[in-house]
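Trainee: PDB, C-alpha atoms, saved as query_4.pdb, coming up:
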ATOM      1  CA  MET A1119     -20.354 -13.137  27.005
ATOM      2  CA  LYS A1120     -19.033 -10.190  25.007
ATOM      3  CA  LEU A1121     -15.458  -9.064  25.287
ATOM      4  CA  PRO A1122     -15.142  -5.415  26.397
ATOM      5  CA  VAL A1123     -15.457  -2.576  23.870
ATOM      6  CA  PRO A1124     -14.825   1.068  24.829
ATOM      7  CA  GLU A1125     -18.147   2.818  25.344
ATOM      8  CA  ASP A1126     -16.843   6.075  23.886
ATOM      9  CA  ASP A1127     -15.692   4.501  20.605
ATOM     10  CA  GLU A1128     -18.088   5.516  17.849
ATOM     11  CA  GLN A1129     -16.682   2.843  15.598
ATOM     12  CA  ALA A1130     -17.369   0.003  18.006
ATOM     13  CA  GLY A1131     -19.511  -1.779  15.420
ATOM     14  CA  ARG A1132     -16.602  -1.897  12.974
ATOM     15  CA  LEU A1133     -13.810  -2.664  15.378
ATOM     16  CA  LEU A1134     -12.425  -6.068  16.052
ATOM     17  CA  HIS A1135     -13.186  -6.324  19.713
ATOM     18  CA  ASP A1136     -16.950  -6.893  19.752
ATOM     19  CA  MET A1137     -16.837 -10.650  19.537
ATOM     20  CA  ASP A1138     -18.053 -13.583  21.592
ATOM     21  CA  ARG A1139     -15.477 -15.758  23.310
ATOM     22  CA  SER A1140     -17.303 -18.756  21.917
ATOM     23  CA  GLU A1141     -16.156 -17.669  18.461
ATOM     24  CA  PHE A1142     -12.533 -18.400  19.346
ATOM     25  CA  PRO A1143     -11.147 -21.906  18.624
ATOM     26  CA  GLY A1144     -11.399 -24.327  21.520
ATOM     27  CA  HIS A1145      -7.700 -25.252  21.451
ATOM     28  CA  TRP A1146      -6.679 -21.704  22.461
ATOM     29  CA  ASP A1147      -5.754 -21.336  26.127
ATOM     30  CA  PRO A1148      -8.390 -19.090  27.823
ATOM     31  CA  GLU A1149      -5.740 -17.373  29.966
ATOM     32  CA  TRP A1150      -3.725 -16.539  26.861
ATOM     33  CA  VAL A1151      -6.855 -15.230  25.110
ATOM     34  CA  GLU A1152      -7.620 -12.883  28.002
ATOM     35  CA  LYS A1153      -4.046 -11.600  28.247
ATOM     36  CA  ARG A1154      -3.657 -10.967  24.539
ATOM     37  CA  TRP A1155      -7.104  -9.415  24.319
ATOM     38  CA  GLN A1156      -6.220  -6.808  26.902
ATOM     39  CA  LEU A1157      -2.935  -6.024  25.157
ATOM     40  CA  GLU A1158      -4.713  -5.624  21.814
ATOM     41  CA  HIS A1159      -7.342  -3.440  23.456
ATOM     42  CA  ARG A1160      -4.728  -1.049  24.865
ATOM     43  CA  ARG A1161      -2.835  -0.826  21.601
ATOM     44  CA  ARG A1162      -5.965  -0.194  19.587
ATOM     45  CA  GLU A1163      -6.941   2.756  21.761
ATOM     46  CA  LYS A1164      -3.545   4.344  21.085
ATOM     47  CA  MET A1165      -3.738   3.734  17.350
ATOM     48  CA  ILE A1166      -7.300   4.694  16.456
ATOM     49  CA  GLY A1167      -6.621   8.427  16.338
ATOM     50  CA  SER A1168      -3.740   8.058  13.894
ATOM     51  CA  ALA A1169      -5.337   5.679  11.376
ATOM     52  CA  ASP A1170      -5.786   6.833   7.791
ATOM     53  CA  GLU A1171      -8.963   6.536   5.721
ATOM     54  CA  ASP A1172      -8.239   2.837   5.086
ATOM     55  CA  GLY A1173      -7.885   2.118   8.796
ATOM     56  CA  ILE A1174      -4.099   1.749   8.586
ATOM     57  CA  HIS A1175      -2.009   3.263  11.345
ATOM     58  CA  LEU A1176       1.063   4.977   9.872
ATOM     59  CA  PRO A1177       3.506   6.629  12.294
ATOM     60  CA  PHE A1178       4.576  10.153  11.379
ATOM     61  CA  HIS A1179       8.129   9.202  10.437
ATOM     62  CA  TYR A1180       6.818   6.708   7.879
ATOM     63  CA  ARG A1181       4.465   9.307   6.438
ATOM     64  CA  PHE A1182       7.469  11.606   6.152
ATOM     65  CA  LEU A1183       9.499   8.817   4.542
ATOM     66  CA  ARG A1184       6.818   8.173   1.948
ATOM     67  CA  TRP A1185       6.607  11.886   1.152
ATOM     68  CA  GLY A1186      10.412  12.183   0.993
ATOM     69  CA  LEU A1187      10.839   9.236  -1.366
ATOM     70  CA  LYS A1188       8.280  10.699  -3.720
ATOM     71  CA  ALA A1189       9.898  14.131  -3.510
ATOM     72  CA  VAL A1190      13.327  12.838  -4.571
ATOM     73  CA  GLY A1191      11.970  10.512  -7.238
ATOM     74  CA  LEU A1192      12.835   7.191  -5.575
ATOM     75  CA  TYR A1193       9.356   6.029  -4.627
ATOM     76  CA  ALA A1194       8.505   4.461  -8.006
ATOM     77  CA  ARG A1195      11.711   2.435  -7.995
ATOM     78  CA  GLY A1196      11.082   1.232  -4.450
ATOM     79  CA  HIS A1197       7.524   0.257  -5.357
ATOM     80  CA  ARG A1198       8.754  -1.790  -8.320
ATOM     81  CA  ASN A1199      11.137  -3.564  -5.943
ATOM     82  CA  PHE A1200       8.223  -4.193  -3.561
ATOM     83  CA  LEU A1201       6.401  -6.049  -6.337
ATOM     84  CA  ASP A1202       9.490  -8.030  -7.385
ATOM     85  CA  VAL A1203       8.747 -10.986  -5.112
ATOM     86  CA  ARG A1204      11.234 -13.828  -5.595
ATOM     87  CA  ILE A1205      10.919 -17.525  -4.957
ATOM     88  CA  ARG A1206      13.956 -18.500  -2.893
ATOM     89  CA  GLU A1207      14.916 -22.180  -2.676
ATOM     90  CA  LEU A1208      17.030 -23.310   0.270
ATOM     91  CA  GLU A1209      18.335 -26.693   1.352
ATOM     92  CA  HIS A1210      18.950 -27.599   5.002
ATOM     93  CA  HIS A1211      20.325 -30.625   6.846
ATOM     94  CA  PRO A1212      18.562 -30.484  10.242
ATOM     95  CA  ALA A1213      19.979 -32.586  13.046
ATOM     96  CA  ARG A1214      18.526 -36.110  13.162
ATOM     97  CA  TRP A1215      16.267 -35.467  10.179
ATOM     98  CA  PRO A1216      14.968 -38.926   9.144
ATOM     99  CA  ALA A1217      15.817 -40.557   5.824
ATOM    100  CA  ALA A1218      12.103 -41.206   5.295
ATOM    101  CA  LEU A1219      11.589 -37.426   5.091
ATOM    102  CA  ASP A1220      14.585 -36.664   2.891
ATOM    103  CA  GLY A1221      13.547 -34.009   0.373
ATOM    104  CA  PHE A1222      10.593 -32.770   2.450
ATOM    105  CA  ARG A1223       9.580 -29.321   1.147
ATOM    106  CA  ILE A1224       8.169 -26.536   3.343
ATOM    107  CA  LEU A1225       6.676 -23.420   1.760
ATOM    108  CA  GLN A1226       7.141 -20.342   3.975
ATOM    109  CA  ILE A1227       5.151 -17.159   3.426
ATOM    110  CA  THR A1228       5.525 -14.381   5.965
ATOM    111  CA  ASP A1229       4.745 -10.719   6.608
ATOM    112  CA  LEU A1230       2.147 -10.373   3.868
ATOM    113  CA  HIS A1231       0.678  -7.109   5.228
ATOM    114  CA  ILE A1232      -1.874  -7.929   2.582
ATOM    115  CA  ASP A1233      -3.981  -4.766   2.859
ATOM    116  CA  LEU A1234      -1.046  -2.352   2.469
ATOM    117  CA  ASP A1235      -1.133  -2.216  -1.340
ATOM    118  CA  PRO A1236      -3.603  -3.971  -3.692
ATOM    119  CA  ALA A1237      -0.893  -4.319  -6.360
ATOM    120  CA  LEU A1238       0.686  -7.204  -4.417
ATOM    121  CA  GLN A1239      -2.229  -9.612  -4.815
ATOM    122  CA  PRO A1240      -1.830 -10.194  -8.592
ATOM    123  CA  VAL A1241       1.869 -10.943  -8.043
ATOM    124  CA  LEU A1242       1.045 -13.595  -5.447
ATOM    125  CA  ARG A1243      -1.713 -14.928  -7.678
ATOM    126  CA  ARG A1244       0.938 -15.620 -10.296
ATOM    127  CA  LEU A1245       3.706 -16.987  -8.050
ATOM    128  CA  ILE A1246       2.138 -19.158  -5.364
ATOM    129  CA  PRO A1247       0.475 -21.775  -7.617
ATOM    130  CA  SER A1248       3.859 -22.457  -9.242
ATOM    131  CA  VAL A1249       5.281 -23.815  -5.983
ATOM    132  CA  GLU A1250       5.043 -27.468  -4.957
ATOM    133  CA  CYS A1251       5.414 -28.348  -1.285
ATOM    134  CA  ASP A1252       4.640 -30.996   1.306
ATOM    135  CA  LEU A1253       3.744 -28.478   4.025
ATOM    136  CA  ALA A1254       2.977 -24.752   3.985
ATOM    137  CA  VAL A1255       3.466 -22.288   6.844
ATOM    138  CA  ILE A1256       2.658 -18.600   7.280
ATOM    139  CA  THR A1257       4.740 -16.969  10.005
ATOM    140  CA  GLY A1258       2.652 -13.947  10.946
ATOM    141  CA  ASP A1259       1.721 -10.359  10.063
ATOM    142  CA  TYR A1260      -1.072 -11.287   7.693
ATOM    143  CA  TRP A1261      -2.339  -7.729   7.502
ATOM    144  CA  GLU A1262      -1.231  -4.179   8.133
ATOM    145  CA  GLY A1263      -4.170  -2.414   9.786
ATOM    146  CA  ALA A1264      -4.016  -3.752  13.360
ATOM    147  CA  GLY A1265      -6.751  -1.373  14.501
ATOM    148  CA  GLN A1266      -9.738  -1.506  12.174
ATOM    149  CA  HIS A1267     -12.019  -4.152  10.721
ATOM    150  CA  PRO A1268     -10.047  -6.448   8.403
ATOM    151  CA  SER A1269     -12.868  -7.442   6.018
ATOM    152  CA  GLY A1270     -10.931  -6.409   2.894
ATOM    153  CA  ALA A1271      -7.861  -8.231   4.139
ATOM    154  CA  LEU A1272      -9.854 -11.370   4.884
ATOM    155  CA  GLU A1273     -10.997 -11.691   1.283
ATOM    156  CA  LYS A1274      -7.407 -11.429   0.063
ATOM    157  CA  LEU A1275      -6.125 -13.858   2.686
ATOM    158  CA  GLU A1276      -8.803 -16.367   1.780
ATOM    159  CA  GLU A1277      -7.602 -16.202  -1.815
ATOM    160  CA  ILE A1278      -3.994 -16.732  -0.664
ATOM    161  CA  LEU A1279      -5.016 -19.910   1.157
ATOM    162  CA  LYS A1280      -6.793 -21.163  -1.959
ATOM    163  CA  LEU A1281      -3.693 -20.419  -4.039
ATOM    164  CA  VAL A1282      -1.549 -22.490  -1.662
ATOM    165  CA  GLY A1283      -3.986 -25.342  -2.227
ATOM    166  CA  ASN A1284      -3.852 -28.560  -0.253
ATOM    167  CA  PRO A1285      -0.298 -29.660   0.551
ATOM    168  CA  THR A1286      -0.026 -33.289   1.644
ATOM    169  CA  HIS A1287       0.655 -32.312   5.265
ATOM    170  CA  GLY A1288      -1.499 -29.194   5.387
ATOM    171  CA  ILE A1289      -0.902 -25.539   6.157
ATOM    172  CA  TYR A1290      -0.300 -23.902   9.549
ATOM    173  CA  GLY A1291       0.270 -20.384  10.807
ATOM    174  CA  VAL A1292       1.355 -18.314  13.789
ATOM    175  CA  LEU A1293       0.495 -14.746  14.761
ATOM    176  CA  GLY A1294       2.659 -11.650  14.422
ATOM    177  CA  ASN A1295       2.681  -8.248  16.071
ATOM    178  CA  HIS A1296       0.172  -6.821  13.554
ATOM    179  CA  ASP A1297      -2.339  -9.633  14.021
ATOM    180  CA  THR A1298      -5.390  -9.800  16.261
ATOM    181  CA  LEU A1299      -7.495 -12.482  17.900
ATOM    182  CA  PRO A1300     -10.581 -11.940  15.718
ATOM    183  CA  LEU A1301      -8.421 -12.008  12.606
ATOM    184  CA  ALA A1302      -6.872 -15.268  13.797
ATOM    185  CA  ALA A1303     -10.307 -16.749  14.517
ATOM    186  CA  SER A1304     -11.384 -15.847  10.982
ATOM    187  CA  LEU A1305      -8.284 -17.514   9.553
ATOM    188  CA  GLU A1306      -9.086 -20.678  11.497
ATOM    189  CA  LYS A1307     -12.579 -20.692   9.994
ATOM    190  CA  MET A1308     -10.967 -20.449   6.549
ATOM    191  CA  GLY A1309      -8.984 -23.606   7.291
ATOM    192  CA  LEU A1310      -5.690 -22.172   8.563
ATOM    193  CA  PRO A1311      -4.888 -23.612  12.024
ATOM    194  CA  ILE A1312      -3.101 -20.990  14.141
ATOM    195  CA  LEU A1313      -0.580 -22.556  16.511
ATOM    196  CA  ILE A1314      -0.615 -20.701  19.828
ATOM    197  CA  ASN A1315       2.190 -22.010  22.046
ATOM    198  CA  GLU A1316       1.322 -25.547  20.999
ATOM    199  CA  ALA A1317       2.426 -28.335  18.684
ATOM    200  CA  VAL A1318       0.989 -30.816  16.209
ATOM    201  CA  GLN A1319       2.455 -34.049  14.898
ATOM    202  CA  ILE A1320       3.140 -34.277  11.159
ATOM    203  CA  GLY A1321       3.357 -37.638   9.376
ATOM    204  CA  ASN A1322       3.711 -40.979  11.123
ATOM    205  CA  GLY A1323       6.129 -43.789  11.878
ATOM    206  CA  PRO A1324       9.666 -43.174  10.608
ATOM    207  CA  ALA A1325       8.396 -40.164   8.628
ATOM    208  CA  GLU A1326       7.147 -38.117  11.577
ATOM    209  CA  PHE A1327       8.100 -34.808  13.180
ATOM    210  CA  SER A1328       6.564 -32.241  15.511
ATOM    211  CA  LEU A1329       5.583 -28.795  14.271
ATOM    212  CA  ALA A1330       5.262 -26.189  17.039
ATOM    213  CA  GLY A1331       4.239 -22.554  16.936
ATOM    214  CA  VAL A1332       4.402 -19.675  19.416
ATOM    215  CA  ASP A1333       2.571 -16.379  19.672
ATOM    216  CA  ASP A1334       4.283 -13.074  18.858
ATOM    217  CA  PRO A1335       7.431 -12.677  20.991
ATOM    218  CA  PHE A1336       8.267  -9.160  19.830
ATOM    219  CA  PHE A1337       5.417  -6.771  20.655
ATOM    220  CA  PHE A1338       2.863  -8.758  22.647
ATOM    221  CA  ARG A1339       5.483 -11.037  24.268
ATOM    222  CA  THR A1340       2.860 -13.726  24.763
ATOM    223  CA  ASP A1341       5.052 -16.511  23.409
ATOM    224  CA  ASP A1342       5.800 -19.632  25.439
ATOM    225  CA  VAL A1343       8.404 -21.858  23.801
ATOM    226  CA  ASN A1344       8.485 -24.252  26.752
ATOM    227  CA  LYS A1345       4.750 -24.846  26.510
ATOM    228  CA  ALA A1346       4.942 -25.334  22.747
ATOM    229  CA  ALA A1347       7.796 -27.808  23.192
ATOM    230  CA  SER A1348       5.804 -29.771  25.759
ATOM    231  CA  GLY A1349       3.384 -30.676  22.979
ATOM    232  CA  CYS A1350       6.154 -32.200  20.859
ATOM    233  CA  ARG A1351       6.552 -35.947  20.813
ATOM    234  CA  ALA A1352       9.787 -37.292  22.283
ATOM    235  CA  GLY A1353      12.356 -38.903  20.033
ATOM    236  CA  ILE A1354      11.371 -37.227  16.750
ATOM    237  CA  PRO A1355      12.591 -33.976  15.145
ATOM    238  CA  ARG A1356      10.821 -30.764  16.048
ATOM    239  CA  ILE A1357      10.397 -27.571  14.009
ATOM    240  CA  LEU A1358       9.358 -24.222  15.494
ATOM    241  CA  LEU A1359       7.400 -21.415  13.841
ATOM    242  CA  SER A1360       7.846 -17.998  15.442
ATOM    243  CA  HIS A1361       7.045 -14.620  13.944
ATOM    244  CA  SER A1362      10.266 -13.175  15.354
ATOM    245  CA  PRO A1363      13.602 -15.036  15.613
ATOM    246  CA  GLN A1364      14.442 -13.789  19.100
ATOM    247  CA  VAL A1365      13.164 -17.077  20.557
ATOM    248  CA  ALA A1366      16.369 -18.783  19.375
ATOM    249  CA  PRO A1367      17.854 -19.403  22.865
ATOM    250  CA  GLU A1368      14.677 -21.048  24.182
ATOM    251  CA  ALA A1369      14.221 -22.997  20.957
ATOM    252  CA  ASP A1370      17.752 -24.365  21.218
ATOM    253  CA  GLU A1371      17.250 -25.324  24.861
ATOM    254  CA  ASN A1372      14.095 -27.231  23.900
ATOM    255  CA  GLY A1373      15.747 -29.277  21.186
ATOM    256  CA  PHE A1374      14.284 -27.751  18.043
ATOM    257  CA  CYS A1375      16.241 -28.558  14.896
ATOM    258  CA  LEU A1376      14.802 -25.768  12.717
ATOM    259  CA  VAL A1377      13.236 -22.355  13.418
ATOM    260  CA  LEU A1378      11.360 -20.432  10.712
ATOM    261  CA  SER A1379      10.717 -16.725  11.322
ATOM    262  CA  GLY A1380      10.144 -13.344   9.714
ATOM    263  CA  HIS A1381       9.185  -9.970  11.217
ATOM    264  CA  THR A1382      12.350  -8.007  10.400
ATOM    265  CA  HIS A1383      11.699  -7.717   6.646
ATOM    266  CA  GLY A1384      15.484  -7.930   6.436
ATOM    267  CA  GLY A1385      15.418  -4.193   7.052
ATOM    268  CA  GLN A1386      13.212  -3.562   3.967
ATOM    269  CA  ILE A1387      15.098  -0.333   3.187
ATOM    270  CA  CYS A1388      18.773  -1.215   2.960
ATOM    271  CA  LEU A1389      22.038   0.128   1.655
ATOM    272  CA  PRO A1390      23.838  -1.732  -1.149
ATOM    273  CA  GLY A1391      24.936  -5.093   0.175
ATOM    274  CA  GLY A1392      21.743  -5.464   2.187
ATOM    275  CA  HIS A1393      22.835  -3.403   5.194
ATOM    276  CA  ALA A1394      19.660  -2.340   6.994
ATOM    277  CA  LEU A1395      19.228   1.344   7.793
ATOM    278  CA  LEU A1396      17.231   0.432  10.892
ATOM    279  CA  SER A1397      17.899  -2.413  13.304
ATOM    280  CA  MET A1398      15.727  -3.903  16.045
ATOM    281  CA  GLU A1399      17.126  -3.654  19.540
ATOM    282  CA  ARG A1400      15.754  -6.976  20.782
ATOM    283  CA  ILE A1401      16.838  -9.007  17.753
ATOM    284  CA  PRO A1402      20.575  -9.816  17.624
ATOM    285  CA  THR A1403      22.238  -8.993  14.302
ATOM    286  CA  PRO A1404      23.079 -12.638  13.431
ATOM    287  CA  LEU A1405      19.346 -13.478  13.568
ATOM    288  CA  PHE A1406      18.158 -10.415  11.658
ATOM    289  CA  ARG A1407      18.136 -11.779   8.122
ATOM    290  CA  GLY A1408      18.632 -15.043   6.295
ATOM    291  CA  LEU A1409      20.233 -18.259   7.471
ATOM    292  CA  TRP A1410      21.690 -18.564  10.964
ATOM    293  CA  ARG A1411      22.739 -21.262  13.426
ATOM    294  CA  ARG A1412      22.751 -21.757  17.158
ATOM    295  CA  GLY A1413      24.573 -24.917  18.111
ATOM    296  CA  SER A1414      23.148 -27.701  15.957
ATOM    297  CA  MET A1415      19.902 -25.784  15.416
ATOM    298  CA  ILE A1416      19.258 -24.119  12.049
ATOM    299  CA  GLY A1417      17.250 -20.914  11.757
ATOM    300  CA  TYR A1418      15.975 -18.829   8.885
ATOM    301  CA  THR A1419      14.652 -15.260   9.106
ATOM    302  CA  SER A1420      12.827 -14.398   5.912
ATOM    303  CA  THR A1421      12.925 -10.906   4.411
ATOM    304  CA  GLY A1422       9.151 -11.200   4.082
ATOM    305  CA  THR A1423       6.701 -11.486   1.227
ATOM    306  CA  GLY A1424       5.041  -8.082   1.628
ATOM    307  CA  SER A1425       6.208  -4.812   3.159
ATOM    308  CA  CYS A1426       5.328  -2.808   6.248
ATOM    309  CA  HIS A1427       4.047   0.791   6.487
ATOM    310  CA  VAL A1428       5.344   1.897   3.070
ATOM    311  CA  PRO A1429       5.171  -0.383  -0.022
ATOM    312  CA  VAL A1430       8.798   0.033  -1.047
ATOM    313  CA  ARG A1431      11.964  -2.078  -0.974
ATOM    314  CA  TYR A1432      15.600  -1.173  -1.529
ATOM    315  CA  ASN A1433      18.420  -3.734  -1.679
ATOM    316  CA  CYS A1434      16.236  -6.234   0.154
ATOM    317  CA  PRO A1435      13.999  -8.263  -2.189
ATOM    318  CA  PRO A1436      10.746  -9.733  -0.871
ATOM    319  CA  GLU A1437      10.485 -13.497  -1.023
ATOM    320  CA  ILE A1438       8.508 -16.683  -0.852
ATOM    321  CA  VAL A1439      10.755 -19.430   0.514
ATOM    322  CA  ILE A1440      10.935 -23.149  -0.186
ATOM    323  CA  HIS A1441      12.883 -25.039   2.478
ATOM    324  CA  THR A1442      13.983 -28.501   1.332
ATOM    325  CA  LEU A1443      15.041 -30.673   4.269
ATOM    326  CA  ARG A1444      17.704 -33.308   3.742
ATOM    327  CA  SER A1445      18.666 -36.241   5.915
ATOM    328  CA  SER A1446      22.315 -36.647   6.844
ATOM    329  CA  SER A1447      21.897 -40.413   7.230
TER
END
Would you mind writing the file out in structure tokens?

Mentor:
Amino acid sequence: MKLPVPEDDEQAGRLLHDMDRSEFPGHWDPEWVEKRWQLEHRRREKMIGSADEDGIHLPFHYRFLRWGLKAVGLYARGHRNFLDVRIRELEHHPARWPAALDGFRILQITDLHIDLDPALQPVLRRLIPSVECDLAVITGDYWEGAGQHPSGALEKLEEILKLVGNPTHGIYGVLGNHDTLPLAASLEKMGLPILINEAVQIGNGPAEFSLAGVDDPFFFRTDDVNKAASGCRAGIPRILLSHSPQVAPEADENGFCLVLSGHTHGGQICLPGGHALLSMERIPTPLFRGLWRRGSMIGYTSTGTGSCHVPVRYNCPPEIVIHTLRSSS
């Protein structure tokens, strides 16, 4: 059975929404699939008319920003900053983290927006293979387009997964507000399991923890932390992947010891000192960028690996993050 495609859309053959439900992974909840599909469908209809020749939707104020930065001579500097991706190493002491997992390394990549600018791919090609990890995670916004066929993005994302290689405990992802069901299904076929309000168990015996992931809580609001937590095994640590950090209260209530997020880009365009020019109403300031805590729970909101809408950065370097987890026992 085909999912609905607008009859008046001349680009129906290229768009993402002409797919069979059987093509979606069996572990995805059918009710969630239907709900998210309808939300994607409505958003796509709004965006199609404003997409550029590459299929990327760019709101007017970002077009104006790009033009303005070029006019005042700051665009080139911002673009150099965009390509200056750093490897950030952090060390955490999560509550009840077992001694058998002391030194466990998690690679976090987030907000690639991989089709925004082709100049990013060679940078990632150089950096990612240099990183050693036990587990890799990608916390959403794999691509920028969100309205057109992502074939070009898929080729680049497939290369990213190959660059990550085969960590001992695998690689997992969650979806962001730019991502779509067909894109996610393609990623699963490439070998990237997408956690949709669910959990998996990593390791075994005294070296075991639960890894949970929720759908995008910011735009689609189809996240369900309680459901994801219900898949976690009792008595072992649990880590949550969420594209946006606003799930912190629910994560804390459900006993997660670590939350890894992105989405905010740390502001992307910031004043000296990293003060973002734009904030996000539904994301409290303490959760907006970097390391934060809620009770005994640790959280980290990455500034992102790529950039959104305009490939520039100011006072907010892009990053690939290595989280090393230490036991307090």

Trainee: Which is closer to Gly1391 (chain A) than all the others in A:Tyr1432, A:Glu1207, A:Pro1240, A:Ile1357, using only C-alpha atoms?

Mentor: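 Among A:Tyr1432, A:Glu1207, A:Pro1240, A:Ile1357, it is A:Tyr1432 that comes nearest to Gly1391 (chain A).
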
Trainee: Once you count all atoms listed in the file, what closest atom pair and distance in Å to one decimal does each residue of region 1316-1407 of chain A within 10 Å of region 1292-1307 of chain A have, with rows by chain and rising residue number, as a Markdown table?

Mentor:
| residue | atom | partner | partner_atom | distance |
| --- | --- | --- | --- | --- |
| A:Ala1330 | CA | A:Val1292 | CA | 9.4 |
| A:Gly1331 | CA | A:Val1292 | CA | 6.0 |
| A:Val1332 | CA | A:Val1292 | CA | 6.5 |
| A:Asp1333 | CA | A:Leu1293 | CA | 5.6 |
| A:Asp1334 | CA | A:Gly1294 | CA | 4.9 |
| A:Pro1335 | CA | A:Asn1295 | CA | 8.1 |
| A:Phe1336 | CA | A:Asn1295 | CA | 6.8 |
| A:Phe1337 | CA | A:Asn1295 | CA | 5.5 |
| A:Phe1338 | CA | A:Asn1295 | CA | 6.6 |
| A:Arg1339 | CA | A:Asn1295 | CA | 9.1 |
| A:Asp1341 | CA | A:Leu1293 | CA | 9.9 |
| A:Leu1359 | CA | A:Val1292 | CA | 6.8 |
| A:Ser1360 | CA | A:Val1292 | CA | 6.7 |
| A:His1361 | CA | A:Gly1294 | CA | 5.3 |
| A:Ser1362 | CA | A:Gly1294 | CA | 7.8 |
| A:Ser1379 | CA | A:Val1292 | CA | 9.8 |
| A:Gly1380 | CA | A:Gly1294 | CA | 9.0 |
| A:His1381 | CA | A:Gly1294 | CA | 7.5 |

Trainee: CA of Phe1222 (chain A) and CA of Asp1252 (chain A) are how many Å apart?

Mentor: 6.3 Å

Trainee: Evaluate the PyMOL selection byres ((chain A and resi 1187) around 12) here and jot the selected residues down as a ChimeraX atom specification.

Mentor: /A:1180-1186,1188-1197,1387,1428-1432

Trainee: With C-alpha atoms retained, could you export that selection as a compact mmCIF listing (two decimals), in the frame of the given file?

Mentor:
# COMPACT_ATOMS: atom_id res chain seq x y z
CA TYR A 1180 6.82 6.71 7.88
CA ARG A 1181 4.46 9.31 6.44
CA PHE A 1182 7.47 11.61 6.15
CA LEU A 1183 9.50 8.82 4.54
CA ARG A 1184 6.82 8.17 1.95
CA TRP A 1185 6.61 11.89 1.15
CA GLY A 1186 10.41 12.18 0.99
CA LYS A 1188 8.28 10.70 -3.72
CA ALA A 1189 9.90 14.13 -3.51
CA VAL A 1190 13.33 12.84 -4.57
CA GLY A 1191 11.97 10.51 -7.24
CA LEU A 1192 12.84 7.19 -5.58
CA TYR A 1193 9.36 6.03 -4.63
CA ALA A 1194 8.51 4.46 -8.01
CA ARG A 1195 11.71 2.44 -8.00
CA GLY A 1196 11.08 1.23 -4.45
CA HIS A 1197 7.52 0.26 -5.36
CA ILE A 1387 15.10 -0.33 3.19
CA VAL A 1428 5.34 1.90 3.07
CA PRO A 1429 5.17 -0.38 -0.02
CA VAL A 1430 8.80 0.03 -1.05
CA ARG A 1431 11.96 -2.08 -0.97
CA TYR A 1432 15.60 -1.17 -1.53

Trainee: Please, what is the axis-aligned box for every listed atom of region 1245-1250 of chain A with 3 Å on each side, as centre and edge lengths in Å to one decimal, as AutoDock Vina command-line options?

Mentor:
--center_x 2.9 --center_y -22.2 --center_z -7.1 --size_x 10.8 --size_y 16.5 --size_z 10.3

Trainee: Using all atoms listed in the file, which of A:Gly1385, A:Gly1283, A:Pro1212, A:Gly1349 sits nearest Ile1314 (chain A)?

Mentor: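 Smallest distance to Ile1314 (chain A) is found for A:Gly1349.
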
Trainee: Need to verify the contact set: region 1228-1231 of chain A, 6 Å, all atoms listed in the file, exclusion of same-chain residues closer than 3 positions in sequence. Can you return it as a PyMOL selection string?

Mentor: chain A and resi 1234+1256-1262+1422-1424

Trainee: Between CA of Glu1316 (chain A) and CA of Lys1345 (chain A), what is the distance, to one decimal in Å?

Mentor: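 CA of Lys1345 (chain A) lies at a distance of 6.5 Å from CA of Glu1316 (chain A).
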
Trainee: Taking (11.4, -37.3, -2.7) in the file's coordinates as the center, which residues reach within 12 Å of it, counting all atoms listed in the file, put as an NGL selection string?

Mentor: :A and (1217-1223 or 1250-1252 or 1442-1445)

Trainee: What would the selection look like, as an mmCIF file with C-alpha atoms, in the frame of the given file, if the PyMOL selection byres ((chain A and resi 1409) around 12) were run on the coordinates I just shared?

Mentor:
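Okay, this is what ended up in expr01.cif:
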data_model
loop_
_atom_site.group_PDB
_atom_site.id
_atom_site.type_symbol
_atom_site.label_atom_id
_atom_site.label_comp_id
_atom_site.auth_asym_id
_atom_site.auth_seq_id
_atom_site.Cartn_x
_atom_site.Cartn_y
_atom_site.Cartn_z
ATOM 1 C CA LEU A 1208 17.030 -23.310 0.270
ATOM 2 C CA GLU A 1209 18.335 -26.693 1.352
ATOM 3 C CA HIS A 1210 18.950 -27.599 5.002
ATOM 4 C CA PRO A 1363 13.602 -15.036 15.613
ATOM 5 C CA LEU A 1376 14.802 -25.768 12.717
ATOM 6 C CA VAL A 1377 13.236 -22.355 13.418
ATOM 7 C CA LEU A 1378 11.360 -20.432 10.712
ATOM 8 C CA SER A 1379 10.717 -16.725 11.322
ATOM 9 C CA GLY A 1380 10.144 -13.344 9.714
ATOM 10 C CA GLY A 1384 15.484 -7.930 6.436
ATOM 11 C CA THR A 1403 22.238 -8.993 14.302
ATOM 12 C CA PRO A 1404 23.079 -12.638 13.431
ATOM 13 C CA LEU A 1405 19.346 -13.478 13.568
ATOM 14 C CA PHE A 1406 18.158 -10.415 11.658
ATOM 15 C CA ARG A 1407 18.136 -11.779 8.122
ATOM 16 C CA GLY A 1408 18.632 -15.043 6.295
ATOM 17 C CA TRP A 1410 21.690 -18.564 10.964
ATOM 18 C CA ARG A 1411 22.739 -21.262 13.426
ATOM 19 C CA ARG A 1412 22.751 -21.757 17.158
ATOM 20 C CA MET A 1415 19.902 -25.784 15.416
ATOM 21 C CA ILE A 1416 19.258 -24.119 12.049
ATOM 22 C CA GLY A 1417 17.250 -20.914 11.757
ATOM 23 C CA TYR A 1418 15.975 -18.829 8.885
ATOM 24 C CA THR A 1419 14.652 -15.260 9.106
ATOM 25 C CA SER A 1420 12.827 -14.398 5.912
ATOM 26 C CA THR A 1421 12.925 -10.906 4.411
ATOM 27 C CA VAL A 1439 10.755 -19.430 0.514
ATOM 28 C CA HIS A 1441 12.883 -25.039 2.478
#

Trainee: With all atoms listed in the file as the atoms that count, which of A:Arg1400, A:His1383, A:Arg1243, A:Lys1153 lies nearest to Ser1425 (chain A)?

Mentor: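 Of A:Arg1400, A:His1383, A:Arg1243, A:Lys1153, the one nearest Ser1425 (chain A), counting all atoms listed in the file, is A:His1383.
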